[in-house]
file data_11.cif (mmCIF, C-alpha atoms)
data_my_file
#
loop_
_atom_site.label_atom_id
_atom_site.label_comp_id
_atom_site.auth_asym_id
_atom_site.auth_seq_id
_atom_site.Cartn_x
_atom_site.Cartn_y
_atom_site.Cartn_z
CA MET M 1 0.00 0.00 0.00
CA SER M 2 1.34 3.42 -0.91
CA GLU M 3 1.31 6.42 1.33
CA ILE M 4 -0.55 9.58 0.38
CA ILE M 5 1.00 12.92 1.16
CA THR M 6 -1.21 15.97 1.05
CA ILE M 7 0.11 19.51 1.08
CA ARG M 8 -2.24 22.42 1.62
CA LEU M 9 -1.11 26.00 1.36
CA GLU M 10 -2.55 28.29 3.93
CA GLN M 11 -4.46 31.17 2.44
CA ARG M 12 -1.88 33.70 3.71
CA LEU M 13 0.99 31.84 2.01
CA SER M 14 -0.99 31.60 -1.23
CA GLU M 15 -1.64 35.35 -1.09
CA GLN M 16 2.04 36.05 -0.42
CA LEU M 17 3.14 33.91 -3.35
CA ARG M 18 0.61 35.60 -5.63
CA ALA M 19 1.79 39.06 -4.50
CA ALA M 20 5.43 38.08 -4.99
CA ILE M 21 4.75 36.82 -8.50
CA GLU M 22 2.84 40.00 -9.38
CA GLY M 23 5.71 42.12 -8.03
CA ALA M 24 8.24 40.13 -10.00
CA GLU M 25 6.24 40.50 -13.23
CA ASP M 26 6.79 44.27 -13.40
CA LEU M 27 10.52 44.55 -13.99
CA THR M 28 10.39 48.29 -14.77
CA PRO M 29 12.56 49.40 -11.81
CA ALA M 30 15.10 46.64 -12.46
CA MET M 31 15.23 47.33 -16.19
CA ASP M 32 15.71 51.04 -15.53
CA ASP M 33 18.67 50.24 -13.25
CA ILE M 34 20.11 47.78 -15.79
CA SER M 35 19.91 50.29 -18.66
CA GLU M 36 21.65 52.91 -16.50
CA ARG M 37 24.46 50.48 -15.61
CA LEU M 38 24.88 49.46 -19.25
CA LEU M 39 25.06 53.11 -20.31
CA GLU M 40 27.80 53.76 -17.75
CA SER M 41 29.66 50.65 -18.95
CA THR M 42 29.46 51.89 -22.54
CA ARG M 43 30.76 55.32 -21.51
CA ARG M 44 33.69 53.65 -19.73
CA ARG M 45 34.65 52.01 -23.03
CA PHE M 46 34.99 55.46 -24.58
CA ASP M 47 37.10 56.57 -21.61
CA THR M 48 39.40 53.53 -21.81
CA GLU M 49 39.25 53.30 -25.63
CA SER M 50 38.63 49.58 -25.47
CA GLY M 51 36.01 47.19 -26.73
CA VAL M 52 33.56 44.94 -24.97
CA SER M 53 36.20 42.23 -24.63
CA GLY M 54 38.67 44.71 -23.11
CA VAL M 55 40.83 44.76 -26.24
CA PRO M 56 42.05 48.31 -26.95
CA TRP M 57 40.66 49.94 -30.07
CA LYS M 58 43.00 50.64 -32.94
CA LYS M 59 43.98 54.30 -32.55
CA SER M 60 42.56 56.56 -35.21
CA ARG M 61 44.96 58.55 -37.36
CA ARG M 62 43.41 61.76 -36.06
CA ALA M 63 43.93 60.69 -32.42
CA ILE M 64 47.57 59.80 -33.14
CA GLU M 65 48.30 63.04 -34.99
CA ASP M 66 46.38 65.36 -32.65
CA GLY M 67 46.97 63.48 -29.40
CA GLY M 68 43.24 63.06 -28.81
CA LYS M 69 41.08 60.06 -28.10
CA THR M 70 39.71 57.67 -30.70
CA LEU M 71 35.97 58.11 -31.44
CA GLN M 72 35.98 61.39 -29.50
CA ASP M 73 36.99 64.10 -31.96
CA SER M 74 33.77 66.10 -31.66
CA GLY M 75 32.20 64.13 -28.81
CA ARG M 76 28.93 63.80 -30.73
CA LEU M 77 28.88 59.98 -30.71
CA TYR M 78 29.57 59.87 -26.96
CA ARG M 79 26.88 62.47 -26.25
CA ALA M 80 24.40 60.58 -28.46
CA LEU M 81 24.64 57.46 -26.27
CA ASP M 82 21.25 56.90 -24.72
CA ARG M 83 19.25 54.32 -22.83
CA ARG M 84 15.64 53.17 -22.71
CA SER M 85 13.84 50.69 -20.52
CA GLY M 86 10.41 49.30 -19.82
CA PRO M 87 8.70 46.42 -18.03
CA THR M 88 10.45 43.79 -20.18
CA PHE M 89 13.52 45.44 -21.71
CA ALA M 90 16.65 47.50 -21.11
CA GLU M 91 18.63 48.90 -24.03
CA VAL M 92 21.55 51.17 -24.75
CA GLY M 93 22.38 52.61 -28.13
CA VAL M 94 22.88 55.77 -30.14
CA ARG M 95 20.02 58.26 -30.15
CA ALA M 96 18.22 58.35 -33.50
CA GLY M 97 18.62 61.37 -35.72
CA GLY M 98 21.64 63.35 -36.78
CA PRO M 99 25.20 62.47 -37.72
CA PRO M 100 26.00 60.13 -34.79
CA GLU M 101 23.29 57.71 -35.89
CA ILE M 102 24.72 57.71 -39.41
CA TYR M 103 28.26 56.73 -38.45
CA ALA M 104 27.59 54.72 -35.26
CA ALA M 105 27.43 51.36 -37.05
CA ILE M 106 30.66 51.79 -39.03
CA HIS M 107 32.51 52.44 -35.76
CA GLN M 108 30.86 49.50 -33.99
CA PHE M 109 31.33 46.93 -36.76
CA GLY M 110 33.99 48.40 -39.03
CA GLY M 111 33.78 48.46 -42.80
CA THR M 112 34.83 50.24 -45.96
CA ILE M 113 33.56 53.68 -46.92
CA ARG M 114 33.48 54.32 -50.67
CA PRO M 115 32.28 57.38 -52.56
CA ARG M 116 28.73 57.12 -53.87
CA HIS M 117 28.60 59.92 -56.38
CA LYS M 118 32.21 60.95 -56.96
CA LYS M 119 35.52 59.27 -57.68
CA ALA M 120 37.14 60.04 -54.33
CA LEU M 121 36.47 60.99 -50.72
CA SER M 122 37.82 63.88 -48.73
CA PHE M 123 38.67 62.33 -45.40
CA ALA M 124 40.58 64.04 -42.58
CA GLY M 125 41.98 66.58 -45.03
CA ARG M 126 43.13 63.94 -47.54
CA VAL M 127 41.62 62.81 -50.83
CA VAL M 128 41.30 59.02 -50.92
CA ALA M 129 39.53 56.37 -53.00
CA GLN M 130 38.12 54.63 -49.91
CA VAL M 131 38.51 54.47 -46.15
CA VAL M 132 38.74 51.19 -44.25
CA MET M 133 37.42 51.63 -40.72
CA PRO M 134 38.40 49.02 -38.14
CA ALA M 135 35.71 47.79 -35.77
CA ARG M 136 35.76 49.65 -32.47
CA PRO M 137 32.94 47.93 -30.57
CA TYR M 138 31.50 50.07 -27.81
CA LEU M 139 28.05 48.47 -27.43
CA GLY M 140 27.62 45.04 -25.88
CA PHE M 141 27.88 43.02 -22.68
CA ASP M 142 31.06 42.09 -20.90
CA PRO M 143 31.25 39.64 -17.96
CA GLU M 144 30.95 42.50 -15.46
CA ASP M 145 27.78 43.72 -17.20
CA ARG M 146 26.32 40.22 -16.97
CA GLU M 147 27.11 40.08 -13.24
CA ASP M 148 25.44 43.48 -12.76
CA ILE M 149 22.32 42.30 -14.58
CA VAL M 150 22.05 39.15 -12.45
CA GLU M 151 22.63 41.22 -9.30
CA VAL M 152 19.90 43.73 -10.20
CA LEU M 153 17.36 41.05 -11.14
CA THR M 154 18.12 38.99 -8.02
CA ALA M 155 17.68 42.05 -5.80
CA HIS M 156 14.40 42.90 -7.55
CA LEU M 157 13.01 39.40 -7.04
CA ARG M 158 14.20 39.35 -3.42
CA ARG M 159 12.41 42.67 -2.76
CA SER M 160 9.23 41.32 -4.38
CA PHE M 161 9.21 38.28 -2.10
CA ASP M 162 10.21 40.30 1.00
CA GLU M 163 7.43 42.85 0.39
CA ALA M 164 4.90 40.07 -0.16
CA ALA M 165 5.94 38.37 3.08
CA ALA M 166 5.70 41.57 5.13
#

call {"tool": "encode", "arguments": {"input": "data_11.cif", "output": "structure tokens"}}
result
Amino acid sequence: MSEIITIRLEQRLSEQLRAAIEGAEDLTPAMDDISERLLESTRRRFDTESGVSGVPWKKSRRAIEDGGKTLQDSGRLYRALDRRSGPTFAEVGVRAGGPPEIYAAIHQFGGTIRPRHKKALSFAGRVVAQVVMPARPYLGFDPEDREDIVEVLTAHLRRSFDEAAA
């Protein structure tokens, strides 16, 4: 003969679990925190001139000649970094509209710039047939970003269960 085990949740525990689940469903505060942390991480990459993997970016000719920082001649790309978040997402990218949006991808992924309507380009005061841009990735997740995300989500869930139990 087999034994029968019966488990009954008290009404208060059921209510607490339901409240905790409802609190955990709205991730807006956590996603806001995550997007802010990712934005700061992206800005640090500009400060250190290194990619998501920590590998230094190839110095631009302008930065070498003028002693400046790569990807920071005018500062427009850096200032166009922005974040958004909502109940189910956190994102960091380049604000839409204007020159930064146009050249953000070529800096992130690299590529070759060729003239569309003429035979040559005027680039940094030189006339050239094309310009090969190395990838200088500034958007993405590194291991520290992943740890931050787990930390924020864990804290959010912990608060949801603590508030439901109170």

call {"tool": "resolve_selection", "arguments": {"input": "data_11.cif", "expression": "the PyMOL selection byres ((chain M and resi 27-32) around 8)", "output": "PyMOL selection string"}}
result
chain M and resi 24-26+33-36+84-90+152-153+156

call {"tool": "axis_aligned_box", "arguments": {"input": "data_11.cif", "around": "stretch 85-104 of chain M", "padding_each_side": "3 Å", "output": "JSON"}}
result
{"center_x": 18.5, "center_y": 53.6, "center_z": -28.7, "size_x": 25.6, "size_y": 25.6, "size_z": 27.4}

call {"tool": "closest_residue", "arguments": {"input": "data_11.cif", "among": "M:Asp142, M:Asp73, M:Asp162, M:Asp82", "to": "M:Gly51", "atoms": "only C-alpha atoms"}}
result
M:Asp142

call {"tool": "residues_near_point", "arguments": {"input": "data_11.cif", "point": "(9.7, 42.0, -5.6)", "cutoff": "6 Å", "atoms": "all atoms listed in the file", "output": "PyMOL selection string"}}
result
chain M and resi 20+23-24+156-161

call {"tool": "resolve_selection", "arguments": {"input": "data_11.cif", "expression": "the PyMOL selection byres ((chain M and resi 112) around 8)", "output": "mmCIF file with C-alpha atoms, in the coordinates of the input"}}
result
data_model
loop_
_atom_site.group_PDB
_atom_site.id
_atom_site.type_symbol
_atom_site.label_atom_id
_atom_site.label_comp_id
_atom_site.auth_asym_id
_atom_site.auth_seq_id
_atom_site.Cartn_x
_atom_site.Cartn_y
_atom_site.Cartn_z
ATOM 1 C CA GLY M 110 33.990 48.400 -39.030
ATOM 2 C CA GLY M 111 33.780 48.460 -42.800
ATOM 3 C CA ILE M 113 33.560 53.680 -46.920
ATOM 4 C CA ARG M 114 33.480 54.320 -50.670
ATOM 5 C CA GLN M 130 38.120 54.630 -49.910
ATOM 6 C CA VAL M 131 38.510 54.470 -46.150
ATOM 7 C CA VAL M 132 38.740 51.190 -44.250
ATOM 8 C CA MET M 133 37.420 51.630 -40.720
#

call {"tool": "closest_residue", "arguments": {"input": "data_11.cif", "among": "M:Val92, M:Leu38, M:Ile106, M:Ala124", "to": "M:Arg61", "atoms": "all atoms listed in the file"}}
result
M:Ala124

call {"tool": "atom_distance", "arguments": {"input": "data_11.cif", "atom1": "atom CA of M:Tyr78", "atom2": "atom CA of M:Arg146"}}
result
22.3 Å

call {"tool": "closest_residue", "arguments": {"input": "data_11.cif", "among": "M:Glu40, M:Ser50, M:Ile21, M:Glu15", "to": "M:Gly93", "atoms": "only C-alpha atoms"}}
result
M:Glu40

call {"tool": "closest_residue", "arguments": {"input": "data_11.cif", "among": "M:Ser74, M:Glu91, M:Arg83, M:Ala104", "to": "M:Arg62", "atoms": "all atoms listed in the file"}}
result
M:Ser74

call {"tool": "atom_distance", "arguments": {"input": "data_11.cif", "atom1": "atom CA of M:Glu22", "atom2": "atom CA of M:Ala165"}}
result
12.9 Å

call {"tool": "atom_distance", "arguments": {"input": "data_11.cif", "atom1": "atom CA of M:Lys58", "atom2": "atom CA of M:Leu139"}}
result
16.1 Å

call {"tool": "resolve_selection", "arguments": {"input": "data_11.cif", "expression": "the PyMOL selection byres ((chain M and resi 94) around 12)", "output": "ChimeraX atom specification"}}
result
/M:39,42-43,76-84,91-93,95-105,107-108,138-139

call {"tool": "closest_residue", "arguments": {"input": "data_11.cif", "among": "M:Gly67, M:Gln72, M:Ala164, M:Ala19", "to": "M:Arg45", "atoms": "all atoms listed in the file"}}
result
M:Gln72

call {"tool": "decode", "arguments": {"input": "data_11.cif", "residues": "stretch 118-154 of chain M", "atoms": "C-alpha atoms", "output": "PDB file, in the first residue's frame"}}
result
ATOM      1  CA  LYS M 118      32.210  60.948 -56.958  1.00  0.00           C
ATOM      2  CA  LYS M 119      35.521  59.266 -57.679  1.00  0.00           C
ATOM      3  CA  ALA M 120      37.140  60.041 -54.331  1.00  0.00           C
ATOM      4  CA  LEU M 121      36.474  60.992 -50.721  1.00  0.00           C
ATOM      5  CA  SER M 122      37.821  63.880 -48.732  1.00  0.00           C
ATOM      6  CA  PHE M 123      38.672  62.331 -45.395  1.00  0.00           C
ATOM      7  CA  ALA M 124      40.575  64.044 -42.582  1.00  0.00           C
ATOM      8  CA  GLY M 125      41.982  66.579 -45.027  1.00  0.00           C
ATOM      9  CA  ARG M 126      43.131  63.944 -47.543  1.00  0.00           C
ATOM     10  CA  VAL M 127      41.621  62.805 -50.830  1.00  0.00           C
ATOM     11  CA  VAL M 128      41.301  59.018 -50.921  1.00  0.00           C
ATOM     12  CA  ALA M 129      39.527  56.367 -53.001  1.00  0.00           C
ATOM     13  CA  GLN M 130      38.125  54.633 -49.909  1.00  0.00           C
ATOM     14  CA  VAL M 131      38.510  54.468 -46.151  1.00  0.00           C
ATOM     15  CA  VAL M 132      38.738  51.193 -44.249  1.00  0.00           C
ATOM     16  CA  MET M 133      37.421  51.631 -40.718  1.00  0.00           C
ATOM     17  CA  PRO M 134      38.403  49.019 -38.140  1.00  0.00           C
ATOM     18  CA  ALA M 135      35.710  47.786 -35.774  1.00  0.00           C
ATOM     19  CA  ARG M 136      35.757  49.653 -32.474  1.00  0.00           C
ATOM     20  CA  PRO M 137      32.941  47.934 -30.574  1.00  0.00           C
ATOM     21  CA  TYR M 138      31.500  50.074 -27.814  1.00  0.00           C
ATOM     22  CA  LEU M 139      28.051  48.469 -27.434  1.00  0.00           C
ATOM     23  CA  GLY M 140      27.619  45.036 -25.881  1.00  0.00           C
ATOM     24  CA  PHE M 141      27.882  43.024 -22.681  1.00  0.00           C
ATOM     25  CA  ASP M 142      31.059  42.091 -20.896  1.00  0.00           C
ATOM     26  CA  PRO M 143      31.248  39.636 -17.959  1.00  0.00           C
ATOM     27  CA  GLU M 144      30.952  42.501 -15.456  1.00  0.00           C
ATOM     28  CA  ASP M 145      27.779  43.717 -17.203  1.00  0.00           C
ATOM     29  CA  ARG M 146      26.317  40.216 -16.971  1.00  0.00           C
ATOM     30  CA  GLU M 147      27.112  40.077 -13.239  1.00  0.00           C
ATOM     31  CA  ASP M 148      25.444  43.479 -12.760  1.00  0.00           C
ATOM     32  CA  ILE M 149      22.318  42.303 -14.583  1.00  0.00           C
ATOM     33  CA  VAL M 150      22.047  39.150 -12.451  1.00  0.00           C
ATOM     34  CA  GLU M 151      22.628  41.216  -9.296  1.00  0.00           C
ATOM     35  CA  VAL M 152      19.900  43.728 -10.196  1.00  0.00           C
ATOM     36  CA  LEU M 153      17.358  41.048 -11.137  1.00  0.00           C
ATOM     37  CA  THR M 154      18.119  38.992  -8.022  1.00  0.00           C
TER      38      THR M 154
END
